[in-house]
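What follows is run26.pdb (PDB, C-alpha atoms).
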ATOM      1  CA  MET M   1     -18.281   4.516   8.203  1.00  0.00           C
ATOM      2  CA  ASN M   2     -18.804   3.139   4.709  1.00  0.00           C
ATOM      3  CA  HIS M   3     -18.080  -0.502   3.976  1.00  0.00           C
ATOM      4  CA  LEU M   4     -14.562  -1.091   2.693  1.00  0.00           C
ATOM      5  CA  ASP M   5     -13.393  -4.086   0.712  1.00  0.00           C
ATOM      6  CA  VAL M   6      -9.674  -3.686   1.413  1.00  0.00           C
ATOM      7  CA  SER M   7      -7.302  -1.857   3.726  1.00  0.00           C
ATOM      8  CA  ILE M   8      -3.891  -1.262   2.176  1.00  0.00           C
ATOM      9  CA  ILE M   9      -1.263  -1.021   4.927  1.00  0.00           C
ATOM     10  CA  ILE M  10       2.071   0.639   4.232  1.00  0.00           C
ATOM     11  CA  CYS M  11       4.582   0.292   7.071  1.00  0.00           C
ATOM     12  CA  THR M  12       7.379   2.838   7.104  1.00  0.00           C
ATOM     13  CA  TYR M  13      10.562   3.573   8.987  1.00  0.00           C
ATOM     14  CA  ASN M  14      12.720   6.412   7.666  1.00  0.00           C
ATOM     15  CA  PRO M  15      11.215   5.913   4.194  1.00  0.00           C
ATOM     16  CA  ASP M  16      12.723   7.295   1.019  1.00  0.00           C
ATOM     17  CA  THR M  17      10.153   9.978   0.115  1.00  0.00           C
ATOM     18  CA  GLU M  18      10.344   9.329  -3.625  1.00  0.00           C
ATOM     19  CA  LYS M  19       9.819   5.586  -3.180  1.00  0.00           C
ATOM     20  CA  LEU M  20       6.946   6.150  -0.761  1.00  0.00           C
ATOM     21  CA  ASN M  21       5.281   8.522  -3.226  1.00  0.00           C
ATOM     22  CA  ARG M  22       5.600   5.977  -6.036  1.00  0.00           C
ATOM     23  CA  THR M  23       3.989   3.339  -3.862  1.00  0.00           C
ATOM     24  CA  LEU M  24       1.209   5.727  -2.860  1.00  0.00           C
ATOM     25  CA  PHE M  25       0.665   6.669  -6.500  1.00  0.00           C
ATOM     26  CA  SER M  26       0.248   3.032  -7.525  1.00  0.00           C
ATOM     27  CA  ALA M  27      -2.184   2.589  -4.617  1.00  0.00           C
ATOM     28  CA  VAL M  28      -4.426   5.577  -5.335  1.00  0.00           C
ATOM     29  CA  LEU M  29      -4.777   4.350  -8.938  1.00  0.00           C
ATOM     30  CA  GLN M  30      -6.569   1.181  -7.789  1.00  0.00           C
ATOM     31  CA  LYS M  31     -10.096   0.904  -9.166  1.00  0.00           C
ATOM     32  CA  ASN M  32     -13.198  -1.289  -8.994  1.00  0.00           C
ATOM     33  CA  VAL M  33     -12.752  -1.743  -5.243  1.00  0.00           C
ATOM     34  CA  ASP M  34     -13.539   0.303  -2.121  1.00  0.00           C
ATOM     35  CA  PHE M  35     -10.355   0.705  -0.117  1.00  0.00           C
ATOM     36  CA  GLU M  36      -8.421   2.779   2.357  1.00  0.00           C
ATOM     37  CA  ILE M  37      -4.712   3.392   2.734  1.00  0.00           C
ATOM     38  CA  ILE M  38      -3.138   3.176   6.170  1.00  0.00           C
ATOM     39  CA  ILE M  39       0.395   4.447   6.619  1.00  0.00           C
ATOM     40  CA  THR M  40       1.912   3.408   9.911  1.00  0.00           C
ATOM     41  CA  ASP M  41       5.302   4.895  10.726  1.00  0.00           C
ATOM     42  CA  ASP M  42       7.543   3.205  13.269  1.00  0.00           C
ATOM     43  CA  GLY M  43       9.229   6.210  14.882  1.00  0.00           C
ATOM     44  CA  SER M  44      11.078   7.675  11.899  1.00  0.00           C
ATOM     45  CA  ASP M  45      13.388  10.566  12.682  1.00  0.00           C
ATOM     46  CA  ASP M  46      12.072  12.629   9.783  1.00  0.00           C
ATOM     47  CA  PHE M  47       8.707  11.229   8.670  1.00  0.00           C
ATOM     48  CA  ASP M  48       7.069  14.059   6.711  1.00  0.00           C
ATOM     49  CA  GLU M  49       3.385  13.666   7.549  1.00  0.00           C
ATOM     50  CA  ALA M  50       2.528  16.975   5.862  1.00  0.00           C
ATOM     51  CA  ALA M  51       4.064  15.764   2.586  1.00  0.00           C
ATOM     52  CA  VAL M  52       1.963  12.579   2.730  1.00  0.00           C
ATOM     53  CA  GLU M  53      -1.181  14.588   3.417  1.00  0.00           C
ATOM     54  CA  ASN M  54      -0.297  16.917   0.527  1.00  0.00           C
ATOM     55  CA  PHE M  55       0.138  13.892  -1.744  1.00  0.00           C
ATOM     56  CA  PHE M  56      -3.335  12.635  -0.896  1.00  0.00           C
ATOM     57  CA  GLU M  57      -4.794  16.121  -1.324  1.00  0.00           C
ATOM     58  CA  GLU M  58      -3.134  16.478  -4.747  1.00  0.00           C
ATOM     59  CA  TYR M  59      -4.735  13.229  -5.918  1.00  0.00           C
ATOM     60  CA  GLU M  60      -8.030  14.002  -4.143  1.00  0.00           C
ATOM     61  CA  PHE M  61      -7.786  10.804  -2.130  1.00  0.00           C
ATOM     62  CA  LYS M  62      -9.535  11.130   1.211  1.00  0.00           C
ATOM     63  CA  ASN M  63      -9.764   7.612   2.596  1.00  0.00           C
ATOM     64  CA  TYR M  64      -6.476   7.349   4.448  1.00  0.00           C
ATOM     65  CA  LYS M  65      -5.106   7.117   7.974  1.00  0.00           C
ATOM     66  CA  ILE M  66      -1.655   8.017   9.229  1.00  0.00           C
ATOM     67  CA  ILE M  67      -0.386   6.375  12.410  1.00  0.00           C
ATOM     68  CA  ARG M  68       2.728   7.864  13.978  1.00  0.00           C
ATOM     69  CA  HIS M  69       4.809   6.210  16.667  1.00  0.00           C
ATOM     70  CA  ALA M  70       7.168   8.239  18.858  1.00  0.00           C
ATOM     71  CA  THR M  71       9.665   5.371  19.083  1.00  0.00           C
ATOM     72  CA  ASN M  72      10.689   2.426  16.941  1.00  0.00           C
ATOM     73  CA  ASN M  73       8.889  -0.684  18.201  1.00  0.00           C
ATOM     74  CA  GLY M  74       9.695  -3.031  15.326  1.00  0.00           C
ATOM     75  CA  THR M  75       7.997  -4.178  12.148  1.00  0.00           C
ATOM     76  CA  VAL M  76       5.527  -6.602  13.728  1.00  0.00           C
ATOM     77  CA  SER M  77       4.243  -4.064  16.237  1.00  0.00           C
ATOM     78  CA  ASN M  78       4.042  -1.399  13.540  1.00  0.00           C
ATOM     79  CA  TYR M  79       2.060  -3.677  11.215  1.00  0.00           C
ATOM     80  CA  TYR M  80      -0.201  -4.811  14.057  1.00  0.00           C
ATOM     81  CA  ASP M  81      -1.109  -1.188  14.804  1.00  0.00           C
ATOM     82  CA  GLY M  82      -2.116  -0.824  11.166  1.00  0.00           C
ATOM     83  CA  LEU M  83      -4.267  -3.955  11.426  1.00  0.00           C
ATOM     84  CA  ILE M  84      -6.056  -2.582  14.473  1.00  0.00           C
ATOM     85  CA  GLN M  85      -7.021   0.521  12.485  1.00  0.00           C
ATOM     86  CA  ALA M  86      -8.014  -1.422   9.340  1.00  0.00           C
ATOM     87  CA  SER M  87     -11.660  -1.246   8.290  1.00  0.00           C
ATOM     88  CA  GLY M  88     -11.568  -3.436   5.181  1.00  0.00           C
ATOM     89  CA  ASP M  89     -12.781  -7.004   4.841  1.00  0.00           C
ATOM     90  CA  TYR M  90      -9.282  -7.856   3.616  1.00  0.00           C
ATOM     91  CA  VAL M  91      -5.863  -6.372   4.280  1.00  0.00           C
ATOM     92  CA  TYR M  92      -3.034  -5.955   1.801  1.00  0.00           C
ATOM     93  CA  GLY M  93       0.453  -5.019   2.978  1.00  0.00           C
ATOM     94  CA  ILE M  94       2.925  -3.243   0.726  1.00  0.00           C
ATOM     95  CA  SER M  95       6.253  -1.551   1.439  1.00  0.00           C
ATOM     96  CA  PRO M  96       7.538   1.832   0.283  1.00  0.00           C
ATOM     97  CA  GLY M  97       9.288   1.272  -3.028  1.00  0.00           C
ATOM     98  CA  ASP M  98       6.977  -1.550  -4.091  1.00  0.00           C
ATOM     99  CA  TYR M  99       4.201  -1.014  -6.636  1.00  0.00           C
ATOM    100  CA  PHE M 100       0.901  -2.450  -7.696  1.00  0.00           C
ATOM    101  CA  TYR M 101       1.673  -3.560 -11.233  1.00  0.00           C
ATOM    102  CA  ASN M 102      -1.721  -2.536 -12.576  1.00  0.00           C
ATOM    103  CA  ALA M 103      -4.791  -0.569 -11.500  1.00  0.00           C
ATOM    104  CA  THR M 104      -6.906  -3.646 -10.751  1.00  0.00           C
ATOM    105  CA  CYS M 105      -4.541  -5.738  -8.569  1.00  0.00           C
ATOM    106  CA  ILE M 106      -6.506  -5.165  -5.385  1.00  0.00           C
ATOM    107  CA  SER M 107      -9.862  -5.586  -7.106  1.00  0.00           C
ATOM    108  CA  GLU M 108      -8.765  -8.898  -8.625  1.00  0.00           C
ATOM    109  CA  LEU M 109      -7.465 -10.234  -5.304  1.00  0.00           C
ATOM    110  CA  HIS M 110     -10.647  -9.139  -3.529  1.00  0.00           C
ATOM    111  CA  THR M 111     -12.878 -10.799  -6.127  1.00  0.00           C
ATOM    112  CA  PHE M 112     -10.810 -13.993  -6.065  1.00  0.00           C
ATOM    113  CA  CYS M 113     -10.999 -14.240  -2.263  1.00  0.00           C
ATOM    114  CA  ASP M 114     -14.735 -13.508  -2.168  1.00  0.00           C
ATOM    115  CA  GLU M 115     -15.656 -15.915  -4.957  1.00  0.00           C
ATOM    116  CA  ASN M 116     -13.566 -18.735  -3.496  1.00  0.00           C
ATOM    117  CA  ASN M 117     -14.321 -18.135   0.188  1.00  0.00           C
ATOM    118  CA  ILE M 118     -10.621 -17.621   0.900  1.00  0.00           C
ATOM    119  CA  ASP M 119      -9.405 -15.875   4.042  1.00  0.00           C
ATOM    120  CA  ILE M 120      -5.726 -15.539   3.138  1.00  0.00           C
ATOM    121  CA  CYS M 121      -3.999 -15.292  -0.222  1.00  0.00           C
ATOM    122  CA  PHE M 122      -1.195 -13.477  -1.957  1.00  0.00           C
ATOM    123  CA  GLY M 123      -0.620 -12.297  -5.470  1.00  0.00           C
ATOM    124  CA  GLU M 124       2.219 -12.616  -7.881  1.00  0.00           C
ATOM    125  CA  ALA M 125       5.406 -10.782  -7.065  1.00  0.00           C
ATOM    126  CA  ALA M 126       7.023  -9.016  -9.979  1.00  0.00           C
ATOM    127  CA  CYS M 127      10.654  -8.049  -9.506  1.00  0.00           C
ATOM    128  CA  TYR M 128      11.807  -4.873 -11.164  1.00  0.00           C
ATOM    129  CA  GLU M 129      14.756  -2.591 -11.599  1.00  0.00           C
ATOM    130  CA  GLU M 130      14.887   1.106 -12.290  1.00  0.00           C
ATOM    131  CA  ILE M 131      16.911   2.175 -15.308  1.00  0.00           C
ATOM    132  CA  ASP M 132      17.230   5.856 -16.194  1.00  0.00           C
ATOM    133  CA  GLY M 133      14.056   6.695 -14.289  1.00  0.00           C
ATOM    134  CA  TYR M 134      11.991   3.917 -15.849  1.00  0.00           C
ATOM    135  CA  VAL M 135      10.744   0.749 -14.183  1.00  0.00           C
ATOM    136  CA  LYS M 136      11.601  -2.454 -16.021  1.00  0.00           C
ATOM    137  CA  PHE M 137      10.036  -5.690 -14.827  1.00  0.00           C
ATOM    138  CA  LYS M 138      12.238  -8.758 -14.661  1.00  0.00           C
ATOM    139  CA  LYS M 139      11.152 -12.284 -15.425  1.00  0.00           C
ATOM    140  CA  PRO M 140      10.055 -14.590 -14.002  1.00  0.00           C
ATOM    141  CA  ILE M 141       7.135 -13.282 -12.048  1.00  0.00           C
ATOM    142  CA  SER M 142       6.743 -15.406  -8.943  1.00  0.00           C
ATOM    143  CA  PRO M 143       5.223 -17.378  -7.385  1.00  0.00           C
ATOM    144  CA  LYS M 144       3.949 -19.319 -10.356  1.00  0.00           C
TER     145      LYS M 144
END
How does this structure look as C-alpha cells?
Amino acid sequence: MNHLDVSIIICTYNPDTEKLNRTLFSAVLQKNVDFEIIITDDGSDDFDEAAVENFFEEYEFKNYKIIRHATNNGTVSNYYDGLIQASGDYVYGISPGDYFYNATCISELHTFCDENNIDICFGEAACYEEIDGYVKFKKPISPK
C-alpha cells in the first residue's frame, strides 16, 4: 500500500444522502495531500453503499473504504472501527453534512502537524446555514 498522509473518517447512521454527498464532494476536492476516505456505517436501515460507490466512481476517486455494521453499536465503536482501518499518519473525522471549507484544509493541517511535531490538533470550525440552496458561513469562526 502507498504511504498516506491522512485518513478522513466519516461516521454515518441513517445519513441524509444529499448531506453525505456534499461532505464527500468537499473531501474529494482536497489537494496537496495523499489521503483516503473511510466511511463507517453504524447499522443504518437504508445505507446505500452502491450510491456511495457510484459517487466515488463519478469523481474518479479510488482510495476509499466502506465499513458496514449489521447492527448499531454506537458512535465510539463505529469511529474506532474506522480508526482500525485507517492507513494515514493522521486521522481527520468529519460528519455527513459538514464540509471542508477549502480544498487545502487537510493539507494545511497535515503540514502544521508535521512541521511542529504535533500528534493531535484541530482546525477552525466554521458554522454555516443553507439559504435557498447556497451555503452561507456565519461569523465568528471558532475556535480563535
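Closest approach to Ser77 of chain M among M:Asp119, M:Glu57, M:Asp41, M:Asp114 is made by M:Asp41 (distances from only C-alpha atoms).
Computed from the coordinates, the atom CA of Gly82 of chain M to atom CA of Phe112 of chain M distance equals 23.4 Å.
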Please tabulate, as a tab-separated table, the residues of segment 6-71 of chain M that come within 9 Å of segment 89-94 of chain M, each with its closest pair of atoms and the distance in Å to one decimal, counting all atoms listed in the file and ordering rows by chain, then residue number upward.
residue	atom	partner	partner_atom	distance
M:Val6	CA	M:Tyr90	CA	4.7
M:Ser7	CA	M:Val91	CA	4.8
M:Ile8	CA	M:Tyr92	CA	4.8
M:Ile9	CA	M:Gly93	CA	4.8
M:Ile10	CA	M:Ile94	CA	5.3
M:Cys11	CA	M:Ile94	CA	7.4
M:Thr23	CA	M:Ile94	CA	8.1
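For the choices M:Asp5, M:Asp98, M:Asp48, M:Asp81, the atom-to-atom distance to Ser26 of chain M is smallest for M:Asp98 when using only C-alpha atoms.
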Which of these residues is nearest to Arg22 of chain M, using all atoms listed in the file: M:Tyr80, M:Tyr99, M:Phe35, M:Phe47?
M:Tyr99
Give me the residues near Leu29 of chain M as a ChimeraX atom specification, where near means some atom within 12 Å (using all atoms listed in the file) and where sequence neighbours in that chain fewer than 2 positions away do not count.
/M:22-27,31-37,56,59-61,99-107
Of the candidates M:His110, M:Ile120, M:Asn72, M:Ser87, which one gets nearest to Ile38 of chain M if we count all atoms listed in the file?
M:Ser87
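Atom CA of Cys121 of chain M sits 11.6 Å away from atom CA of Glu108 of chain M.
Between Asn63 of chain M and the candidates M:Ala51, M:Tyr128, M:Asn78, M:Leu4, the tightest atom-to-atom separation, counting only C-alpha atoms, involves M:Leu4.
Atom CA of Asn14 of chain M is positioned 14.8 Å from atom CA of Ala50 of chain M.
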With a distance cut-off of 12 Å and all atoms listed in the file, select the neighbouring residues of Asp45 of chain M, excluding the residue or stretch itself and same-chain residues fewer than 6 positions from it, and output the selection as a PyMOL selection string.
chain M and resi 12-15+68-72
Of M:Cys127, M:Leu109, M:Tyr64, M:Asn116, the one sitting nearest Val28 of chain M when using all atoms listed in the file is M:Tyr64
Where atoms are missing, can you supply N, CA and C atoms for segment 38-69 of chain M and output the lot as a compact mmCIF listing (two decimals), in the coordinates of the input?
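Result file is out-v9.txt:
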# COMPACT_ATOMS: atom_id res chain seq x y z
N ILE M 38 -3.62 2.91 4.82
CA ILE M 38 -3.14 3.18 6.17
C ILE M 38 -1.62 3.21 6.12
N ILE M 39 -1.06 4.34 6.51
CA ILE M 39 0.40 4.45 6.62
C ILE M 39 0.71 4.44 8.10
N THR M 40 1.53 3.49 8.51
CA THR M 40 1.91 3.41 9.91
C THR M 40 3.43 3.53 10.00
N ASP M 41 3.87 4.59 10.65
CA ASP M 41 5.30 4.89 10.73
C ASP M 41 5.86 4.49 12.09
N ASP M 42 6.97 3.79 12.06
CA ASP M 42 7.54 3.20 13.27
C ASP M 42 8.64 4.08 13.89
N GLY M 43 8.30 5.34 14.16
CA GLY M 43 9.23 6.21 14.88
C GLY M 43 10.34 6.79 14.04
N SER M 44 10.07 7.06 12.76
CA SER M 44 11.08 7.68 11.90
C SER M 44 11.55 9.00 12.48
N ASP M 45 12.83 9.30 12.24
CA ASP M 45 13.39 10.57 12.68
C ASP M 45 12.81 11.74 11.91
N ASP M 46 12.48 11.51 10.63
CA ASP M 46 12.07 12.63 9.78
C ASP M 46 10.86 12.31 8.91
N PHE M 47 9.90 11.55 9.44
CA PHE M 47 8.71 11.23 8.67
C PHE M 47 7.94 12.52 8.39
N ASP M 48 7.70 12.81 7.12
CA ASP M 48 7.07 14.06 6.71
C ASP M 48 5.57 13.84 6.50
N GLU M 49 4.83 13.89 7.61
CA GLU M 49 3.38 13.67 7.55
C GLU M 49 2.70 14.69 6.65
N ALA M 50 3.13 15.93 6.69
CA ALA M 50 2.53 16.98 5.86
C ALA M 50 2.69 16.66 4.38
N ALA M 51 3.84 16.12 3.99
CA ALA M 51 4.06 15.76 2.59
C ALA M 51 3.12 14.64 2.15
N VAL M 52 2.89 13.67 3.04
CA VAL M 52 1.96 12.58 2.73
C VAL M 52 0.55 13.13 2.59
N GLU M 53 0.15 13.98 3.50
CA GLU M 53 -1.18 14.59 3.42
C GLU M 53 -1.32 15.42 2.15
N ASN M 54 -0.27 16.14 1.77
CA ASN M 54 -0.30 16.92 0.53
C ASN M 54 -0.42 16.01 -0.69
N PHE M 55 0.25 14.86 -0.65
CA PHE M 55 0.14 13.89 -1.74
C PHE M 55 -1.32 13.47 -1.91
N PHE M 56 -1.94 13.07 -0.82
CA PHE M 56 -3.34 12.64 -0.90
C PHE M 56 -4.25 13.77 -1.36
N GLU M 57 -3.99 14.97 -0.91
CA GLU M 57 -4.79 16.12 -1.32
C GLU M 57 -4.63 16.36 -2.83
N GLU M 58 -3.40 16.27 -3.32
CA GLU M 58 -3.13 16.48 -4.75
C GLU M 58 -3.92 15.50 -5.61
N TYR M 59 -4.03 14.26 -5.15
CA TYR M 59 -4.74 13.23 -5.92
C TYR M 59 -6.18 13.05 -5.47
N GLU M 60 -6.64 13.99 -4.62
CA GLU M 60 -8.03 14.00 -4.14
C GLU M 60 -8.44 12.66 -3.54
N PHE M 61 -7.53 12.07 -2.81
CA PHE M 61 -7.79 10.80 -2.13
C PHE M 61 -8.00 11.09 -0.65
N LYS M 62 -9.17 10.75 -0.15
CA LYS M 62 -9.54 11.13 1.21
C LYS M 62 -9.57 9.97 2.21
N ASN M 63 -9.57 8.76 1.71
CA ASN M 63 -9.76 7.61 2.60
C ASN M 63 -8.42 7.04 3.05
N TYR M 64 -7.78 7.78 3.95
CA TYR M 64 -6.48 7.35 4.45
C TYR M 64 -6.38 7.63 5.95
N LYS M 65 -5.44 6.92 6.56
CA LYS M 65 -5.11 7.12 7.97
C LYS M 65 -3.59 7.14 8.08
N ILE M 66 -3.09 7.99 8.94
CA ILE M 66 -1.66 8.02 9.23
C ILE M 66 -1.48 7.74 10.71
N ILE M 67 -0.69 6.74 11.02
CA ILE M 67 -0.39 6.38 12.41
C ILE M 67 1.08 6.70 12.64
N ARG M 68 1.34 7.48 13.66
CA ARG M 68 2.73 7.86 13.98
C ARG M 68 3.11 7.29 15.34
N HIS M 69 4.27 6.70 15.41
CA HIS M 69 4.81 6.21 16.67
C HIS M 69 5.99 7.09 17.07
